[in-house]
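**Q** For reference, this is protein.txt, and it has compact mmCIF, C-alpha atoms.
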# COMPACT_ATOMS: atom_id res chain seq x y z
CA MET A 8 -6.49 -6.78 -10.73
CA ARG A 9 -9.38 -4.62 -9.59
CA GLU A 10 -12.42 -5.85 -7.73
CA THR A 11 -15.82 -4.40 -8.47
CA ALA A 12 -19.05 -4.43 -6.48
CA GLY A 13 -20.56 -7.37 -8.39
CA LYS A 14 -22.02 -9.13 -5.34
CA LEU A 15 -23.55 -5.91 -3.98
CA ASN A 16 -25.06 -5.10 -7.37
CA ARG A 17 -26.53 -8.57 -7.78
CA GLY A 18 -28.05 -8.42 -4.29
CA TRP A 19 -29.71 -5.00 -4.68
CA LEU A 20 -30.83 -5.64 -8.26
CA THR A 21 -32.48 -8.88 -7.08
CA ILE A 22 -34.33 -7.03 -4.30
CA ILE A 23 -35.42 -4.19 -6.62
CA GLY A 24 -36.41 -6.71 -9.31
CA ILE A 25 -38.57 -8.73 -6.89
CA LEU A 26 -40.30 -5.55 -5.62
CA ALA A 27 -40.97 -4.35 -9.19
CA LEU A 28 -42.27 -7.79 -10.14
CA LEU A 29 -44.64 -7.88 -7.12
CA LEU A 30 -45.95 -4.37 -7.92
CA GLY A 31 -46.50 -5.42 -11.53
CA VAL A 32 -48.40 -8.57 -10.52
CA VAL A 33 -50.57 -6.57 -8.10
CA GLY A 34 -51.29 -4.00 -10.82
CA ILE A 35 -52.31 -6.69 -13.30
CA LEU A 36 -54.55 -8.40 -10.74
CA LEU A 37 -56.26 -5.10 -9.84
CA ALA A 38 -56.67 -4.02 -13.47
CA SER A 39 -58.10 -7.35 -14.55
CA GLY A 40 -60.44 -7.67 -11.56
CA ALA A 41 -58.83 -10.97 -10.55
CA ALA A 42 -57.75 -9.48 -7.22
CA ALA A 43 -61.35 -9.38 -5.94
CA GLY A 44 -61.88 -13.04 -6.87
CA ILE A 45 -58.65 -14.11 -5.13
CA ALA A 46 -59.55 -12.07 -2.00
CA SER A 47 -63.00 -13.62 -1.73
CA ALA A 48 -61.70 -17.15 -2.44
CA THR A 49 -59.06 -16.89 0.29
CA GLY A 50 -61.53 -15.31 2.73
CA THR A 51 -59.26 -12.50 3.88
CA GLY A 52 -62.16 -10.08 4.27
CA PHE A 53 -60.26 -7.47 2.28
CA GLU A 54 -62.06 -5.90 -0.69
CA PRO A 55 -59.61 -4.74 -3.33
CA ALA A 56 -60.47 -1.97 -5.77
CA GLY A 57 -62.26 -2.97 -8.94
CA PRO A 58 -60.93 -2.36 -12.49
CA GLY A 59 -62.93 0.90 -12.80
CA GLU A 60 -62.00 2.30 -9.40
CA THR A 61 -58.84 4.04 -8.13
CA ALA A 62 -56.31 1.59 -6.68
CA LEU A 63 -55.91 3.53 -3.41
CA PRO A 64 -58.86 4.43 -1.14
CA GLU A 65 -60.28 7.94 -1.65
CA ASN A 66 -59.13 9.11 1.77
CA ALA A 67 -55.55 7.91 1.22
CA GLN A 68 -54.32 11.45 0.60
CA SER A 69 -55.37 12.47 4.10
CA ILE A 70 -52.35 10.68 5.64
CA PHE A 71 -50.12 13.32 4.00
CA ALA A 72 -52.14 16.19 5.46
CA PRO A 73 -50.31 16.55 8.86
CA PRO A 74 -47.17 18.76 8.71
CA VAL A 75 -45.08 15.97 10.25
CA ALA A 76 -45.73 13.82 7.17
CA ALA A 77 -43.64 16.22 5.05
CA VAL A 78 -40.75 15.96 7.52
CA ILE A 79 -40.94 12.15 7.57
CA LEU A 80 -41.04 12.04 3.79
CA SER A 81 -38.05 14.41 3.56
CA VAL A 82 -36.03 12.24 5.96
CA VAL A 83 -36.92 9.09 4.02
CA ALA A 84 -35.94 10.83 0.77
CA VAL A 85 -32.56 11.88 2.22
CA VAL A 86 -31.89 8.32 3.51
CA VAL A 87 -32.80 6.80 0.14
CA GLY A 88 -30.61 9.41 -1.60
CA LEU A 89 -27.63 8.59 0.66
CA LEU A 90 -28.11 4.86 0.06
CA ALA A 91 -28.19 5.50 -3.68
CA LEU A 92 -25.01 7.60 -3.44
CA ALA A 93 -23.26 4.89 -1.39
CA TRP A 94 -24.26 2.33 -4.01
CA LEU A 95 -22.88 4.59 -6.74
CA LEU A 96 -19.58 5.03 -4.86
CA ALA A 97 -19.36 1.27 -4.36
CA GLN A 98 -19.03 0.96 -8.14
CA LEU A 99 -15.52 2.45 -8.00
CA PRO A 100 -13.09 -0.43 -8.53
CA LYS A 101 -11.08 -1.39 -5.44
CA LEU A 102 -7.52 -2.65 -5.50
CA HIS A 103 -7.48 -4.15 -1.98
CA GLN A 104 -3.79 -3.36 -1.73
CA ALA A 105 -1.80 -4.74 1.19
CA GLY A 106 -1.21 -2.61 4.27
CA THR A 107 2.21 -1.53 5.51
CA PHE A 108 4.65 -4.43 5.58
CA ARG A 109 6.16 -5.05 9.02
CA LEU A 110 9.53 -6.62 8.40
CA ASN A 111 10.73 -7.51 11.88
CA SER A 112 12.91 -10.55 12.35
CA GLY A 113 12.52 -10.68 16.12
CA ASP A 114 10.30 -8.95 18.63
CA ASN A 115 9.47 -5.25 18.42
CA ALA A 116 11.49 -4.32 21.52
CA ASP A 117 14.45 -2.99 19.51
CA GLY A 118 12.31 -1.13 17.00
CA MET A 119 10.20 -1.78 13.97
CA THR A 120 10.97 -1.98 10.29
CA SER A 121 8.18 -0.90 7.97
CA CYS A 122 7.84 -0.68 4.23
CA GLU A 123 4.88 0.58 2.27
CA PRO A 124 3.62 -1.84 -0.41
CA ASP A 125 4.02 0.90 -3.03
CA VAL A 126 7.77 0.91 -2.40
CA LEU A 127 7.98 -2.85 -2.98
CA SER A 128 5.72 -2.79 -6.04
CA ASP A 129 7.77 0.07 -7.56
CA ALA A 130 10.91 -2.05 -7.18
CA VAL A 131 9.22 -5.07 -8.77
CA GLU A 132 7.92 -2.92 -11.65
CA ALA A 133 11.42 -1.54 -12.27
CA ASP A 134 12.77 -5.11 -12.20
CA VAL A 135 10.20 -6.31 -14.75
CA GLU A 136 10.75 -3.31 -17.02
CA GLN A 137 14.41 -4.29 -17.27
CA LEU A 138 13.47 -7.51 -19.08
CA ASP A 139 13.86 -7.70 -22.85
CA GLY A 140 10.63 -7.01 -24.70
CA VAL A 141 8.80 -5.45 -21.75
CA GLN A 142 7.41 -1.98 -22.41
CA ALA A 143 5.59 -1.35 -19.11
CA ALA A 144 4.75 -3.16 -15.91
CA SER A 145 2.35 -2.67 -13.06
CA ALA A 146 2.59 -4.61 -9.80
CA LEU A 147 -0.04 -4.98 -7.11
CA LEU A 148 0.75 -6.40 -3.69
CA ARG A 149 -1.89 -7.97 -1.51
CA GLY A 150 -1.66 -10.07 1.64
CA SER A 151 0.90 -9.39 4.34
CA ALA A 152 4.65 -9.46 4.95
CA SER A 153 4.41 -13.13 5.96
CA GLN A 154 2.09 -14.12 3.09
CA PRO A 155 2.56 -11.71 0.20
CA ASP A 156 0.48 -12.01 -2.93
CA LEU A 157 1.87 -10.44 -6.12
CA THR A 158 -0.12 -9.65 -9.26
CA LEU A 159 1.81 -8.41 -12.26
CA ASP A 160 0.36 -6.69 -15.32
CA VAL A 161 3.06 -6.71 -17.98
CA GLY A 162 2.84 -4.86 -21.29
CA ILE A 163 5.16 -6.39 -23.87
CA ASP A 164 6.33 -5.62 -27.36
CA PRO A 165 4.42 -7.54 -30.10
CA ARG A 166 7.73 -9.04 -31.26
CA ALA A 167 8.77 -10.16 -27.77
CA ASP A 168 8.98 -13.82 -26.81
CA VAL A 169 6.09 -14.18 -24.35
CA ARG A 170 7.37 -17.47 -23.00
CA ALA A 171 10.84 -16.01 -22.36
CA VAL A 172 9.33 -13.01 -20.55
CA ILE A 173 7.23 -15.26 -18.28
CA GLU A 174 10.23 -17.51 -17.66
CA GLN A 175 12.39 -14.53 -16.72
CA ILE A 176 9.69 -13.25 -14.36
CA HIS A 177 9.65 -16.60 -12.57
CA SER A 178 13.42 -17.11 -12.61
CA SER A 179 14.54 -13.56 -11.79
CA VAL A 180 11.82 -11.12 -10.70
CA VAL A 181 9.98 -13.39 -8.27
CA PRO A 182 13.16 -14.72 -6.57
CA ASP A 183 14.42 -11.14 -6.19
CA PHE A 184 11.19 -10.17 -4.46
CA GLU A 185 11.29 -13.26 -2.25
CA THR A 186 14.89 -12.49 -1.32
CA ALA A 187 13.90 -8.96 -0.34
CA VAL A 188 10.90 -9.84 1.83
CA GLY A 189 12.43 -13.08 3.09
CA VAL A 190 9.37 -15.26 2.52
CA PRO A 191 8.00 -17.11 -0.52
CA LEU A 192 5.02 -15.66 -2.37
CA SER A 193 1.72 -17.22 -1.36
CA ARG A 194 0.33 -16.48 -4.84
CA ASN A 195 1.73 -14.98 -8.00
CA ALA A 196 -0.36 -13.98 -11.01
CA VAL A 197 1.03 -12.60 -14.27
CA LEU A 198 -1.17 -10.85 -16.82
CA ILE A 199 0.49 -10.29 -20.18
CA ASN A 200 -0.75 -7.52 -22.46
CA VAL A 201 0.70 -7.41 -25.95
CA SER A 202 0.98 -3.87 -27.25
CA ASN A 203 0.05 -3.15 -30.87
CA ARG A 204 2.98 -0.79 -31.26
CA PRO A 205 6.55 -2.11 -31.24
CA ALA A 206 8.95 -0.31 -28.93
CA ARG A 207 11.61 1.96 -30.37
CA ASP A 208 14.78 2.56 -28.42
CA LYS A 209 16.99 5.56 -29.08
CA ALA A 210 20.09 3.67 -28.00
CA ALA A 211 21.30 0.09 -27.73
CA VAL A 212 23.21 -1.60 -24.94
CA VAL A 213 25.80 -4.00 -26.31
CA MET B 27 47.40 3.90 40.60
CA THR B 28 46.92 7.16 42.45
CA ALA B 29 45.31 10.33 41.18
CA SER B 30 47.66 13.23 40.48
CA PRO B 31 47.31 16.21 42.79
CA ASP B 32 46.39 18.45 39.82
CA ALA B 33 43.49 16.24 38.76
CA VAL B 34 40.15 18.06 38.89
CA ASP B 35 37.17 16.32 40.35
CA THR B 36 34.83 15.14 37.61
CA GLY B 37 31.99 17.09 39.15
CA ASP B 38 33.87 20.38 38.70
CA ARG B 39 34.84 19.99 35.03
CA GLY B 40 31.55 21.28 33.69
CA THR B 41 28.88 19.52 31.67
CA LEU B 42 28.78 18.05 28.22
CA THR B 43 25.53 18.58 26.37
CA ILE B 44 24.73 16.60 23.25
CA SER B 45 21.82 17.88 21.23
CA GLU B 46 19.30 15.80 19.31
CA LYS B 47 20.66 17.31 16.10
CA ALA B 48 24.16 16.06 16.89
CA ILE B 49 22.87 12.55 17.53
CA GLU B 50 20.85 12.75 14.32
CA LYS B 51 23.98 13.57 12.36
CA ILE B 52 25.97 10.79 14.03
CA ALA B 53 23.19 8.25 13.38
CA GLY B 54 22.80 9.50 9.81
CA GLN B 55 26.53 9.09 9.19
CA ILE B 56 26.44 5.54 10.61
CA ALA B 57 23.44 4.74 8.40
CA MET B 58 25.23 6.14 5.36
CA GLU B 59 28.23 3.90 6.05
CA THR B 60 26.04 0.80 6.39
CA PRO B 61 26.13 -1.47 3.31
CA HIS B 62 23.03 -1.44 1.09
CA ILE B 63 21.55 1.61 2.87
CA LEU B 64 20.87 4.70 0.76
CA GLY B 65 20.07 8.31 1.57
CA ALA B 66 17.82 10.68 -0.31
CA THR B 67 19.23 13.66 -2.15
CA GLY B 68 18.03 16.39 -4.49
CA GLY B 69 14.46 17.16 -5.40
CA PHE B 70 12.10 19.83 -4.21
CA LEU B 71 9.44 19.20 -1.53
CA GLY B 72 10.09 15.49 -1.89
CA ILE B 73 9.61 15.55 -5.66
CA GLY B 74 12.33 14.65 -8.10
CA GLY B 75 14.86 13.43 -5.54
CA HIS B 76 16.78 10.19 -5.76
CA HIS B 77 18.56 7.81 -3.41
CA ASP B 78 22.27 7.13 -3.42
CA GLU B 79 24.96 5.78 -1.13
CA ASP B 80 26.67 9.17 -0.73
CA SER B 81 23.78 10.81 1.11
CA ARG B 82 22.78 10.52 4.73
CA PRO B 83 19.41 8.89 5.34
CA LYS B 84 16.88 11.03 7.16
CA VAL B 85 17.10 10.50 10.92
CA LYS B 86 14.86 11.77 13.70
CA VAL B 87 15.96 11.46 17.33
CA ARG B 88 13.84 11.78 20.44
CA LEU B 89 15.75 12.09 23.68
CA HIS B 90 14.33 11.03 27.03
CA GLY B 91 17.03 11.79 29.59
CA GLN B 92 19.98 9.61 28.61
CA MET B 93 17.85 7.35 26.45
CA ALA B 94 17.06 7.93 22.81
CA SER B 95 14.55 6.65 20.30
CA ILE B 96 15.63 6.95 16.71
CA GLU B 97 13.58 6.90 13.52
CA VAL B 98 15.39 6.32 10.25
CA SER B 99 13.91 6.82 6.78
CA ALA B 100 16.19 5.24 4.25
CA GLY B 101 16.37 3.61 0.88
CA VAL B 102 17.65 0.06 0.55
CA ARG B 103 19.44 -1.60 -2.33
CA TYR B 104 17.16 -4.10 -4.14
CA PRO B 105 17.19 -7.08 -3.97
CA THR B 106 18.85 -7.46 -0.61
CA PRO B 107 17.17 -9.21 2.34
CA LEU B 108 15.33 -6.33 3.98
CA ARG B 109 15.10 -7.91 7.42
CA THR B 110 18.82 -8.72 7.62
CA THR B 111 19.87 -5.37 6.17
CA THR B 112 17.71 -3.33 8.52
CA ASP B 113 18.68 -5.47 11.52
CA ASP B 114 22.30 -4.72 10.67
CA LEU B 115 21.53 -1.01 10.39
CA ARG B 116 19.66 -1.04 13.70
CA GLU B 117 22.53 -2.74 15.51
CA ARG B 118 25.15 -0.42 13.99
CA ILE B 119 23.16 2.67 15.03
CA ARG B 120 22.53 1.36 18.53
CA SER B 121 26.13 0.43 19.23
CA GLY B 122 27.64 3.37 17.29
CA VAL B 123 25.54 6.10 18.87
CA SER B 124 25.90 4.60 22.35
CA SER B 125 29.67 4.28 22.10
CA ARG B 126 30.21 7.79 20.64
CA THR B 127 27.78 9.75 22.78
CA GLY B 128 27.06 7.64 25.86
CA VAL B 129 23.35 7.90 25.13
CA ASP B 130 21.47 4.63 25.48
CA VAL B 131 19.57 3.92 22.26
CA ARG B 132 16.47 1.90 23.05
CA HIS B 133 14.44 1.90 19.83
CA VAL B 134 15.49 2.24 16.23
CA ASP B 135 12.46 2.32 13.95
CA ILE B 136 13.30 2.03 10.27
CA ASP B 137 11.03 3.11 7.43
CA ILE B 138 12.11 1.86 4.03
CA THR B 139 11.20 4.70 1.69
CA SER B 140 12.70 3.38 -1.51
CA LEU B 141 14.12 0.21 -3.00
CA VAL B 142 16.76 0.95 -5.57
CA GLY B 143 17.69 -1.69 -8.11
CA ARG B 144 21.17 -2.36 -9.42
CA SER B 145 20.62 -0.51 -12.68
CA ALA B 146 18.72 2.40 -11.14
CA SER B 147 21.63 3.77 -9.15
CA THR B 148 22.95 5.60 -12.17
CA ASP B 149 21.68 6.38 -15.62
CA ARG B 150 24.29 4.04 -17.03
CA ARG B 151 24.27 0.32 -17.48
CA GLU B 152 27.16 -2.02 -16.82
CA LEU B 153 28.56 -3.74 -19.88
CA GLU B 154 28.88 -7.48 -19.38
Show how you would write the structure in this file as structure tokens.
**A**
Amino acid sequence: MRETAGKLNRGWLTIIGILALLLGVVGILLASGAAAGIASATGTGFEPAGPGETALPENAQSIFAPPVAAVILSVVAVVVGLLALAWLLAQLPKLHQAGTFRLNSGDNADGMTSCEPDVLSDAVEADVEQLDGVQAASALLRGSASQPDLTLDVGIDPRADVRAVIEQIHSSVVPDFETAVGVPLSRNAVLINVSNRPARDKAAVV
Amino acid sequence: MTASPDAVDTGDRGTLTISEKAIEKIAGQIAMETPHILGATGGFLGIGGHHDEDSRPKVKVRLHGQMASIEVSAGVRYPTPLRTTTDDLRERIRSGVSSRTGVDVRHVDIDITSLVGRSASTDRRELE
């Protein structure tokens, strides 16, 4: 029911992996002395450091000497930190719930009818929880008023008849919802979770 | 038909002022009498209340001269067709408020705040 940032993670992990791999290859080439051979064979004119020398030129530290370098580095650090924080926040699962349902039969000249998706999903949950054997239900609405998409997560008693519950959802709960919104569901998914504890009622309806 | 000599000119009878609150109450009463429309009752700061057919739905009126825009926040019985039910409510409020007050109702915006199932109206269940 929840969507995670799988695509974003795969993308950034691929980029970070490629960078780490390139740095590793460069390190191995410099440490083994193969980098000098490759540079001379390709004729780039660049002389890489040998295995006994430091990888960076001796005067490399001088680029950090000006005061502005500290400011630039601080800004870069803040940007990288914000990107890292945004990536971390992107890990929070998203429901992608539908927006407010506009239930107008004609034009909007006479006024608008609106209904929050939470109101509809609460009604569906209450409907499902009335079914025999159902302990709890959670409904998530996606799409729009003209093309609603309903996902149901139903917790049932271990002794309940799963097939009967699903049949009742399709024969009673879904038609009730479609009657209310006035359009057929574009997609309906039902997830059944069987509880490991049987329900105990304090009273019986005969 | 001739006017009686005692008749007072309509311009001299005084004025009739109808407040927004009065229109709100009239519209709320019409909404309460509309089938499948429920009003909210009880609770504190919006917590713990419930909807039933004996309460007036919340109504907000904005007057512009002799025209009014009305916003209704109401519960609706589930499962009834929401479009048909709210269209019926809109038409009843428009015609009812106009005929009782003379104010022309242009817009009736309806916000469905709750959908109440058959068994949720009371804590009891019907025996079949």
**Q** Would you work out the distance separating CA of Thr60 (chain B) from CA of Asp183 (chain A), expressed in Å to one decimal?
**A**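 These atoms are spaced 20.9 Å apart.
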**Q** Please identify all polymer residues within 10 Å of Glu117 (chain B), counting all atoms listed in the file, omitting same-chain residues fewer than 5 positions from it, and present them as a PyMOL selection string.
**A** (chain A and resi 117) or (chain B and resi 112+122-123+131+134)
**Q** Go through A:Gln175, A:Ser153, A:Thr120, A:Gln142 and flag the residue nearest chain B, using all atoms listed in the file for the distances.
**A**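 Ranked by minimum distance to chain B, first place goes to A:Thr120.
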**Q** Pull the neighbourhood of (13.0, 14.5, 22.6) for me: all residues within 12 Å in file coordinates, counting all atoms listed in the file, as a PDB file with C-alpha atoms, in the frame of the given file.
**A**
ATOM      1  CA  ILE B  44      24.730  16.600  23.250  1.00  0.00           C
ATOM      2  CA  SER B  45      21.820  17.880  21.230  1.00  0.00           C
ATOM      3  CA  GLU B  46      19.300  15.800  19.310  1.00  0.00           C
ATOM      4  CA  LYS B  47      20.660  17.310  16.100  1.00  0.00           C
ATOM      5  CA  ILE B  49      22.870  12.550  17.530  1.00  0.00           C
ATOM      6  CA  GLU B  50      20.850  12.750  14.320  1.00  0.00           C
ATOM      7  CA  LYS B  86      14.860  11.770  13.700  1.00  0.00           C
ATOM      8  CA  VAL B  87      15.960  11.460  17.330  1.00  0.00           C
ATOM      9  CA  ARG B  88      13.840  11.780  20.440  1.00  0.00           C
ATOM     10  CA  LEU B  89      15.750  12.090  23.680  1.00  0.00           C
ATOM     11  CA  HIS B  90      14.330  11.030  27.030  1.00  0.00           C
ATOM     12  CA  GLY B  91      17.030  11.790  29.590  1.00  0.00           C
ATOM     13  CA  GLN B  92      19.980   9.610  28.610  1.00  0.00           C
ATOM     14  CA  MET B  93      17.850   7.350  26.450  1.00  0.00           C
ATOM     15  CA  ALA B  94      17.060   7.930  22.810  1.00  0.00           C
ATOM     16  CA  SER B  95      14.550   6.650  20.300  1.00  0.00           C
ATOM     17  CA  ILE B  96      15.630   6.950  16.710  1.00  0.00           C
ATOM     18  CA  GLU B  97      13.580   6.900  13.520  1.00  0.00           C
TER      19      GLU B  97
END
**Q** Pick out the closest residue to Val102 (chain B) from this set: B:Asp38, B:Glu79, B:Glu59, B:Asp135. Count all atoms listed in the file.
**A**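 The closest residue to Val102 (chain B) is B:Glu79.
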**Q** Output as a list in words the set of chain B residues within 8 Å of chain A, with distances taken over all atoms listed in the file.
**A** Tyr104, Pro105, Thr106, Pro107, Leu108, Arg109, Thr110, Thr112, Asp113, Arg132, His133, Val134, Asp135, Ile136, Asp137, Ile138, Thr139, Ser140, Leu141, Val142, Gly143, Arg151 and Leu153 of chain B
**Q** How many Å separate CA of Asp130 (chain B) from CA of Lys51 (chain B)?
**A**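 Between CA of Asp130 (chain B) and CA of Lys51 (chain B) the gap works out to 16.1 Å.
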**Q** If I take CA of Leu147 (chain A) and CA of Leu102 (chain A), how far is one from the other in Å, to one decimal?
**A** 8.0 Å
**Q** Name the residues within 9 Å of (2.2, -11.9, -16.0), counting all atoms listed in the file in the file's coordinates, and put them as a ChimeraX atom specification.
**A** /A:158-162,172-173,176,195-200
**Q** Identify, on the basis of all atoms listed in the file, every residue whose closest approach to region 42-52 of chain A does not exceed 9 Å; exclude the query and any residue fewer than 6 positions from it along the same chain; express the result as a list in words.
**A** Val33, Ile35 and Leu36 of chain A
**Q** Dump C-alpha atoms for the selected residues as a short mmCIF file (atom, residue, chain, number, x, y, z; two decimals), in the frame of the given file?
**A**
data_model
loop_
_atom_site.label_atom_id
_atom_site.label_comp_id
_atom_site.auth_asym_id
_atom_site.auth_seq_id
_atom_site.Cartn_x
_atom_site.Cartn_y
_atom_site.Cartn_z
CA VAL A 33 -50.57 -6.57 -8.10
CA ILE A 35 -52.31 -6.69 -13.30
CA LEU A 36 -54.55 -8.40 -10.74
#
**Q** As a PyMOL selection string, please: the residues near Ile119 (chain B) (cut-off 9 Å, all atoms listed in the file, same-chain neighbours under 5 positions excluded).
**A** chain B and resi 52-54+56-57+96+114+124+131+134
**Q** Hey, which of B:Val98, B:Ser125, B:Asp80, B:Val85 ends up closest to Gly65 (chain B)? Count only C-alpha atoms.
**A**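 Smallest distance to Gly65 (chain B) is found for B:Asp80.
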**Q** Could you check which of B:Gln55, B:Thr127, B:Ser81, B:Thr41 is closest to Leu115 (chain B), using all atoms listed in the file?
**A**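 Looking at the shortest contact to Leu115 (chain B), the residue is B:Gln55.
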